[in-house]
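Note: the block below is upload22.pdb and it holds PDB, C-alpha atoms.
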MODEL        1
ATOM      1  CA  MET V  84     -78.008  -5.502  25.073  1.00  0.00           C
ATOM      2  CA  VAL V  85     -75.608  -2.604  24.542  1.00  0.00           C
ATOM      3  CA  ALA V  86     -76.079   0.452  26.745  1.00  0.00           C
ATOM      4  CA  SER V  87     -74.384   3.636  25.597  1.00  0.00           C
ATOM      5  CA  ILE V  88     -74.124   7.332  26.361  1.00  0.00           C
ATOM      6  CA  ARG V  89     -74.224   9.362  23.140  1.00  0.00           C
ATOM      7  CA  ASN V  90     -73.728  13.001  22.307  1.00  0.00           C
ATOM      8  CA  ILE V  91     -76.761  14.785  20.968  1.00  0.00           C
ATOM      9  CA  THR V  92     -76.410  15.769  17.330  1.00  0.00           C
ATOM     10  CA  ILE V  93     -78.644  16.974  14.533  1.00  0.00           C
ATOM     11  CA  SER V  94     -79.313  13.332  13.604  1.00  0.00           C
ATOM     12  CA  ASN V  95     -80.627  12.240  17.030  1.00  0.00           C
ATOM     13  CA  LYS V  96     -81.995  15.507  18.451  1.00  0.00           C
ATOM     14  CA  ASP V  97     -85.631  14.796  17.506  1.00  0.00           C
ATOM     15  CA  GLU V  98     -85.654  11.377  19.181  1.00  0.00           C
ATOM     16  CA  ILE V  99     -84.202  12.936  22.341  1.00  0.00           C
ATOM     17  CA  LEU V 100     -86.869  15.662  22.266  1.00  0.00           C
ATOM     18  CA  ALA V 101     -89.499  12.896  22.161  1.00  0.00           C
ATOM     19  CA  LEU V 102     -88.422  11.548  25.584  1.00  0.00           C
ATOM     20  CA  HIS V 103     -90.729  12.339  28.504  1.00  0.00           C
ATOM     21  CA  VAL V 104     -91.029  11.361  32.135  1.00  0.00           C
ATOM     22  CA  ALA V 105     -94.259   9.964  33.570  1.00  0.00           C
ATOM     23  CA  LYS V 106     -97.005  12.526  34.230  1.00  0.00           C
ATOM     24  CA  ALA V 107     -96.495  12.333  38.013  1.00  0.00           C
ATOM     25  CA  GLN V 108     -92.791  13.180  37.569  1.00  0.00           C
ATOM     26  CA  GLU V 109     -93.183  16.261  35.382  1.00  0.00           C
ATOM     27  CA  GLY V 110     -92.530  18.736  38.203  1.00  0.00           C
ATOM     28  CA  PHE V 111     -89.247  17.057  39.116  1.00  0.00           C
ATOM     29  CA  ILE V 112     -87.253  17.861  35.970  1.00  0.00           C
ATOM     30  CA  GLU V 113     -87.296  20.191  32.997  1.00  0.00           C
ATOM     31  CA  THR V 114     -88.305  18.869  29.570  1.00  0.00           C
ATOM     32  CA  THR V 115     -85.573  17.744  27.210  1.00  0.00           C
ATOM     33  CA  GLN V 116     -86.387  20.818  25.096  1.00  0.00           C
ATOM     34  CA  GLU V 117     -85.752  23.121  28.068  1.00  0.00           C
ATOM     35  CA  CYS V 118     -82.539  21.259  28.890  1.00  0.00           C
ATOM     36  CA  LEU V 119     -81.204  21.562  25.347  1.00  0.00           C
ATOM     37  CA  GLU V 120     -82.034  25.266  25.318  1.00  0.00           C
ATOM     38  CA  GLU V 121     -80.156  25.711  28.587  1.00  0.00           C
ATOM     39  CA  ALA V 122     -77.190  23.774  27.207  1.00  0.00           C
ATOM     40  CA  GLY V 123     -77.226  26.079  24.181  1.00  0.00           C
ATOM     41  CA  GLU V 124     -76.922  29.070  26.505  1.00  0.00           C
ATOM     42  CA  ASN V 125     -74.205  27.612  28.758  1.00  0.00           C
ATOM     43  CA  ALA V 126     -71.327  25.702  27.183  1.00  0.00           C
ATOM     44  CA  ASN V 127     -70.492  24.017  30.516  1.00  0.00           C
ATOM     45  CA  PHE V 128     -73.548  21.783  30.120  1.00  0.00           C
ATOM     46  CA  VAL V 129     -73.129  18.540  28.190  1.00  0.00           C
ATOM     47  CA  PRO V 130     -76.458  16.961  27.172  1.00  0.00           C
ATOM     48  CA  VAL V 131     -76.399  13.268  26.237  1.00  0.00           C
ATOM     49  CA  GLY V 132     -78.800  10.587  25.110  1.00  0.00           C
ATOM     50  CA  LEU V 133     -78.989   7.268  26.933  1.00  0.00           C
ATOM     51  CA  TYR V 134     -79.402   4.358  24.537  1.00  0.00           C
ATOM     52  CA  VAL V 135     -80.099   0.665  24.814  1.00  0.00           C
ATOM     53  CA  ASP V 136     -78.983  -0.851  21.547  1.00  0.00           C
ATOM     54  CA  ASP V 137     -80.098   1.912  19.166  1.00  0.00           C
ATOM     55  CA  ILE V 138     -83.197   2.929  21.117  1.00  0.00           C
ATOM     56  CA  PRO V 139     -83.134   6.197  23.094  1.00  0.00           C
ATOM     57  CA  VAL V 140     -84.456   5.409  26.577  1.00  0.00           C
ATOM     58  CA  GLY V 141     -83.200   8.390  28.552  1.00  0.00           C
ATOM     59  CA  PHE V 142     -81.458  11.717  28.790  1.00  0.00           C
ATOM     60  CA  ALA V 143     -78.832  13.270  31.039  1.00  0.00           C
ATOM     61  CA  MET V 144     -77.016  16.555  31.265  1.00  0.00           C
ATOM     62  CA  TYR V 145     -73.830  17.135  33.210  1.00  0.00           C
ATOM     63  CA  GLY V 146     -71.040  19.652  33.507  1.00  0.00           C
ATOM     64  CA  ALA V 147     -68.198  21.129  35.522  1.00  0.00           C
ATOM     65  CA  PHE V 148     -68.725  24.515  37.125  1.00  0.00           C
ATOM     66  CA  GLN V 149     -66.423  26.815  39.063  1.00  0.00           C
ATOM     67  CA  ASP V 150     -67.012  26.941  42.795  1.00  0.00           C
ATOM     68  CA  GLU V 151     -65.452  29.450  45.200  1.00  0.00           C
ATOM     69  CA  LYS V 152     -64.705  26.846  47.877  1.00  0.00           C
ATOM     70  CA  GLU V 153     -63.801  23.771  45.850  1.00  0.00           C
ATOM     71  CA  GLY V 154     -62.477  25.213  42.599  1.00  0.00           C
ATOM     72  CA  GLN V 155     -64.746  23.025  40.483  1.00  0.00           C
ATOM     73  CA  ARG V 156     -67.920  21.051  41.067  1.00  0.00           C
ATOM     74  CA  VAL V 157     -68.990  18.311  38.700  1.00  0.00           C
ATOM     75  CA  TRP V 158     -72.767  18.103  38.441  1.00  0.00           C
ATOM     76  CA  LEU V 159     -75.060  15.399  37.133  1.00  0.00           C
ATOM     77  CA  ASP V 160     -77.575  18.125  36.533  1.00  0.00           C
ATOM     78  CA  ARG V 161     -80.366  16.230  34.753  1.00  0.00           C
ATOM     79  CA  PHE V 162     -81.186  12.541  34.550  1.00  0.00           C
ATOM     80  CA  LEU V 163     -84.350  10.951  33.239  1.00  0.00           C
ATOM     81  CA  ILE V 164     -85.600   7.674  31.861  1.00  0.00           C
ATOM     82  CA  ASP V 165     -88.502   7.922  29.428  1.00  0.00           C
ATOM     83  CA  SER V 166     -91.860   6.856  30.892  1.00  0.00           C
ATOM     84  CA  HIS V 167     -92.080   3.912  28.455  1.00  0.00           C
ATOM     85  CA  TYR V 168     -88.804   2.461  29.743  1.00  0.00           C
ATOM     86  CA  GLN V 169     -89.117   3.001  33.487  1.00  0.00           C
ATOM     87  CA  GLY V 170     -89.167  -0.028  35.780  1.00  0.00           C
ATOM     88  CA  LYS V 171     -86.755  -1.998  33.595  1.00  0.00           C
ATOM     89  CA  GLY V 172     -83.546  -1.262  35.519  1.00  0.00           C
ATOM     90  CA  TYR V 173     -82.286   1.401  33.107  1.00  0.00           C
ATOM     91  CA  GLY V 174     -82.095   4.063  35.825  1.00  0.00           C
ATOM     92  CA  ARG V 175     -79.617   1.980  37.789  1.00  0.00           C
ATOM     93  CA  LEU V 176     -77.708   0.925  34.697  1.00  0.00           C
ATOM     94  CA  PHE V 177     -77.241   4.455  33.418  1.00  0.00           C
ATOM     95  CA  LEU V 178     -76.613   6.065  36.807  1.00  0.00           C
ATOM     96  CA  GLU V 179     -73.652   3.716  37.249  1.00  0.00           C
ATOM     97  CA  GLN V 180     -72.436   4.440  33.700  1.00  0.00           C
ATOM     98  CA  LEU V 181     -72.809   8.193  34.167  1.00  0.00           C
ATOM     99  CA  ILE V 182     -70.873   8.120  37.443  1.00  0.00           C
ATOM    100  CA  GLN V 183     -68.012   6.249  35.764  1.00  0.00           C
ATOM    101  CA  HIS V 184     -68.187   8.566  32.747  1.00  0.00           C
ATOM    102  CA  LEU V 185     -67.928  11.690  34.925  1.00  0.00           C
ATOM    103  CA  ILE V 186     -65.025  10.264  36.930  1.00  0.00           C
ATOM    104  CA  ALA V 187     -63.134   9.441  33.721  1.00  0.00           C
ATOM    105  CA  LYS V 188     -63.902  12.759  32.021  1.00  0.00           C
ATOM    106  CA  TYR V 189     -63.239  15.127  34.930  1.00  0.00           C
ATOM    107  CA  GLN V 190     -61.027  13.067  37.313  1.00  0.00           C
ATOM    108  CA  CYS V 191     -63.371  14.368  39.998  1.00  0.00           C
ATOM    109  CA  LYS V 192     -63.399  13.458  43.679  1.00  0.00           C
ATOM    110  CA  LYS V 193     -67.085  14.340  44.111  1.00  0.00           C
ATOM    111  CA  ILE V 194     -70.232  14.372  41.988  1.00  0.00           C
ATOM    112  CA  TYR V 195     -73.122  16.682  42.833  1.00  0.00           C
ATOM    113  CA  LEU V 196     -76.788  16.601  41.922  1.00  0.00           C
ATOM    114  CA  SER V 197     -79.952  18.167  43.243  1.00  0.00           C
ATOM    115  CA  VAL V 198     -83.405  16.781  43.855  1.00  0.00           C
ATOM    116  CA  TYR V 199     -86.767  17.924  45.152  1.00  0.00           C
ATOM    117  CA  ASP V 200     -87.384  16.335  48.536  1.00  0.00           C
ATOM    118  CA  ASN V 201     -90.729  14.878  47.398  1.00  0.00           C
ATOM    119  CA  ASN V 202     -89.001  12.908  44.614  1.00  0.00           C
ATOM    120  CA  LYS V 203     -88.675   9.907  46.907  1.00  0.00           C
ATOM    121  CA  HIS V 204     -87.917   7.351  44.176  1.00  0.00           C
ATOM    122  CA  ALA V 205     -84.963   9.358  42.840  1.00  0.00           C
ATOM    123  CA  ILE V 206     -83.631  10.031  46.346  1.00  0.00           C
ATOM    124  CA  HIS V 207     -83.734   6.315  47.138  1.00  0.00           C
ATOM    125  CA  LEU V 208     -81.880   5.487  43.908  1.00  0.00           C
ATOM    126  CA  TYR V 209     -79.216   8.130  44.498  1.00  0.00           C
ATOM    127  CA  GLN V 210     -78.701   7.024  48.095  1.00  0.00           C
ATOM    128  CA  GLN V 211     -78.160   3.447  46.913  1.00  0.00           C
ATOM    129  CA  TYR V 212     -75.256   4.766  44.834  1.00  0.00           C
ATOM    130  CA  GLY V 213     -73.661   6.639  47.721  1.00  0.00           C
ATOM    131  CA  PHE V 214     -75.127  10.124  47.317  1.00  0.00           C
ATOM    132  CA  PHE V 215     -76.023  11.944  50.521  1.00  0.00           C
ATOM    133  CA  PHE V 216     -77.551  15.315  51.365  1.00  0.00           C
ATOM    134  CA  THR V 217     -75.159  18.217  51.987  1.00  0.00           C
ATOM    135  CA  GLY V 218     -77.624  20.552  53.680  1.00  0.00           C
ATOM    136  CA  GLU V 219     -77.383  22.981  50.745  1.00  0.00           C
ATOM    137  CA  LEU V 220     -80.153  24.115  48.421  1.00  0.00           C
ATOM    138  CA  ASP V 221     -79.576  24.930  44.764  1.00  0.00           C
ATOM    139  CA  THR V 222     -80.890  28.046  43.033  1.00  0.00           C
ATOM    140  CA  LYS V 223     -84.304  26.402  42.447  1.00  0.00           C
ATOM    141  CA  GLY V 224     -84.735  25.220  46.031  1.00  0.00           C
ATOM    142  CA  GLU V 225     -83.743  21.618  45.347  1.00  0.00           C
ATOM    143  CA  LYS V 226     -81.722  19.760  47.959  1.00  0.00           C
ATOM    144  CA  VAL V 227     -78.111  19.166  46.965  1.00  0.00           C
ATOM    145  CA  MET V 228     -76.662  15.664  47.190  1.00  0.00           C
ATOM    146  CA  VAL V 229     -73.040  14.634  46.739  1.00  0.00           C
ATOM    147  CA  LYS V 230     -71.187  11.397  46.160  1.00  0.00           C
ATOM    148  CA  ASP V 231     -67.597  11.125  47.349  1.00  0.00           C
ATOM    149  CA  ILE V 232     -65.456   9.172  44.928  1.00  0.00           C
TER     150      ILE V 232
ENDMDL
END

How does the structure come out when it is put into structure tokens?
Amino acid sequence: MVASIRNITISNKDEILALHVAKAQEGFIETTQECLEEAGENANFVPVGLYVDDIPVGFAMYGAFQDEKEGQRVWLDRFLIDSHYQGKGYGRLFLEQLIQHLIAKYQCKKIYLSVYDNNKHAIHLYQQYGFFFTGELDTKGEKVMVKDI
């Protein structure tokens, strides 16, 4: 098994757009279509496909954004595993890969993300990887978590 993080291009865009979370998770994250539109409007966002061998199993979007206090904040802004591939360990596999990818790309000391407080499964996963709540809320009312590197 080869797990990889791939840029989204014309050749793989449709298969990324076909990824969806489980019905019960739909309120926790935007669709891949909405994410790609947002990335098209803000060049700081980097959308990527998450692949096992040559099969797209997930999607993530990250970026570095200016912050008045810290200079720059690196965000893992979106992260999803398609409903057909959940429960197979891919969330853990790709969260670890994404953390390492962000550290290498940005030489960051912290990684931020946000989550709705009723998304208990995601919170548990993030906490297992060292993320903790900051007490902040993002612009959509999600609770901000951070991981110190």

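Shortest separation to Glu121 in chain V among V:Ala107, V:Val157, V:Leu178, V:Met144 occurs at residue V:Met144, atoms counted being all atoms listed in the file.
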
Neighbour list for Tyr189 in chain V as a PyMOL selection string, cut-off 12 Å, all atoms listed in the file, skip fewer than 4 positions in-chain: chain V and resi 145-148+155-158+181-185+193-194+232

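Taking CA of Glu109 in chain V as the reference point, CA of Ser94 in chain V is found at 26.0 Å.
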
V:Asn90, V:Gln169, V:Thr222, V:Gln116 ranked by distance to Val131 in chain V, top pick (using all atoms listed in the file): V:Asn90

Given the PyMOL selection byres ((chain V and resi 215) around 6), the residues it picks as a PyMOL selection string: chain V and resi 214+216+228-229

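With distances restricted to all atoms listed in the file, V:Glu98 is the closest residue to Asp137 in chain V from V:Glu98, V:Asp231, V:Asp200, V:Glu124.
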
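Distances from V:Tyr212, V:Asn202, V:Lys230, V:Asp150 to Glu179 in chain V were compared using only C-alpha atoms, and the smallest one belongs to V:Tyr212.
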
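Proximity ranking of V:Ile112, V:Ile138, V:Leu119, V:Ile93 relative to Ala205 in chain V places V:Ile112 first, based on only C-alpha atoms.
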
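Using only C-alpha atoms, the smallest distance between any of V:His103, V:Glu219, V:Phe162, V:His204 and Gln180 in chain V comes from V:Phe162.
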
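Take CA of Gly170 in chain V and CA of His207 in chain V: the distance between them is 14.1 Å.
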
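CA of Val198 in chain V to CA of Ala143 in chain V spans 14.1 Å [interatomic distance, one decimal].
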
Residue IDs satisfying the PyMOL selection byres ((chain V and resi 102) around 12), as a VMD selection string: chain V and resid 95 to 101 103 to 105 109 113 to 116 118 132 to 134 138 to 143 162 to 169

Please return the centre and edge lengths, in Å to one decimal, of a box with edges along x, y and z that contains all listed atoms of range 176-182 of chain V, widened by 8 Å on every side, as lines of an AutoDock Vina configuration file.
center_x = -74.3
center_y = 4.6
center_z = 35.4
size_x = 22.8
size_y = 23.3
size_z = 20.0

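For Asn201 in chain V, the set of protein, DNA and RNA residues having any atom at most 12 Å away, when counting all atoms listed in the file and skipping those fewer than 6 positions along the same chain, is Ala107, Gln108, Gly110, Phe111, His207, Glu225 and Lys226 of chain V.
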